[in-house]
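Here is the structure we will look at, set down as structure tokens.
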Amino acid sequence: MHILLCLPSLLQAELFTYNHFKEKLASTLQTNECSRLANFFKITRDQTDAMLSSETPSEHLLLALETNSILQPYNVDRLIEALDELRINPFCLHVAEIFRKTRCK
């Protein structure tokens, strides 16, 4: 329990950069979660197929979200809404919320 209480401050210390934030998400999102997010954001079929057939679907998803201006260093709100609405990986949602808060300081 004590470790969970320390988690937000540990993550805040680590999430200084947008790239590090994306690395955290990419290492945490599962393939089925990537597929659900791709459908939610209406990523093209070609991008979705490439994502799902790759060895790193989460990295491909994040790239597609950036390419489509859905995910940007200054704005992760749409991703947070999707993670919450689809009830995808609470840890990812938590990481995204912390990143947003640290960027607003």
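For the structure tokens, the naming scheme is as follows: chains receive sequential letters (A, B, ...) according to their order of presentation, residues are indexed from 1 within each chain, and ligands are indexed from 1 in presentation order.
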Backbone-only DSSP, alpha helix (DSSP H) members of segment 8-95 of chain A, as number ranges by chain: A: 8-14, 18-28, 31-40, 45-53, 57-67, 77-85, 90-95
- request: Find the spatial neighbours of Lys42 of chain A, counting only C-alpha atoms, within a cut-off of 10 Å - ignore same-chain residues fewer than 5 positions away - and output them as a list in words.
  value: Arg36, Leu37, Thr48, Leu65 and Asn68 of chain A
Take the selection from the previous step and output its residues with C-alpha atoms, as a PDB file, in the first residue's frame.
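Final file, part.pdb:
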```
ATOM      1  CA  ARG A  36      -9.808  -0.423 -29.236  1.00  0.00           C
ATOM      2  CA  LEU A  37      -8.137   2.994 -29.189  1.00  0.00           C
ATOM      3  CA  THR A  48      -4.597  -0.153 -37.910  1.00  0.00           C
ATOM      4  CA  LEU A  65      -2.328   9.383 -33.037  1.00  0.00           C
ATOM      5  CA  ASN A  68      -3.566  12.494 -37.013  1.00  0.00           C
TER       6      ASN A  68
END
```
- prompt: Hey, can you check how far atom CA of Glu59 of chain A sits from atom CA of Ala26 of chain A?
  reply: 5.5 Å
message: Just want the 9 Å neighbourhood of segment 69-79 of chain A, counted on only C-alpha atoms, with same-chain residues fewer than 4 positions away dropped. Output as a list in words.
response: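 Final neighbour list, sorted by chain and number: Thr17, Tyr18, Asn19, Leu37, Phe41, Leu62, Leu63, Ala64, Leu65, Leu83, Asp84, Leu93, Ala96, Glu97, Phe99, Arg100, Arg103 and Cys104 of chain A.
Relative to atom CA of Asn32 of chain A, atom CA of His94 of chain A is found at 18.9 Å.
One finds atom CA of His20 of chain A at 20.4 Å from atom CA of Met51 of chain A.
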- line: Nearest to Ile80 of chain A, restricted to only C-alpha atoms and choosing among A:Glu66, A:Val95, A:Thr56, A:Asp46, comes out as A:Val95
message: Could you check the closest approach to Ala82 of chain A for each of A:Asn39, A:Ser53, A:Thr44, A:Thr67 and tell me which residue wins, using only C-alpha atoms?
response: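 Smallest distance to Ala82 of chain A is found for A:Asn39.
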task: Give the answer as one residue: which of A:Phe40, A:Gln30, A:Ser54, A:Lys22 has the shortest atom-to-atom distance to Glu85 of chain A, using only C-alpha atoms?
output: A:Phe40
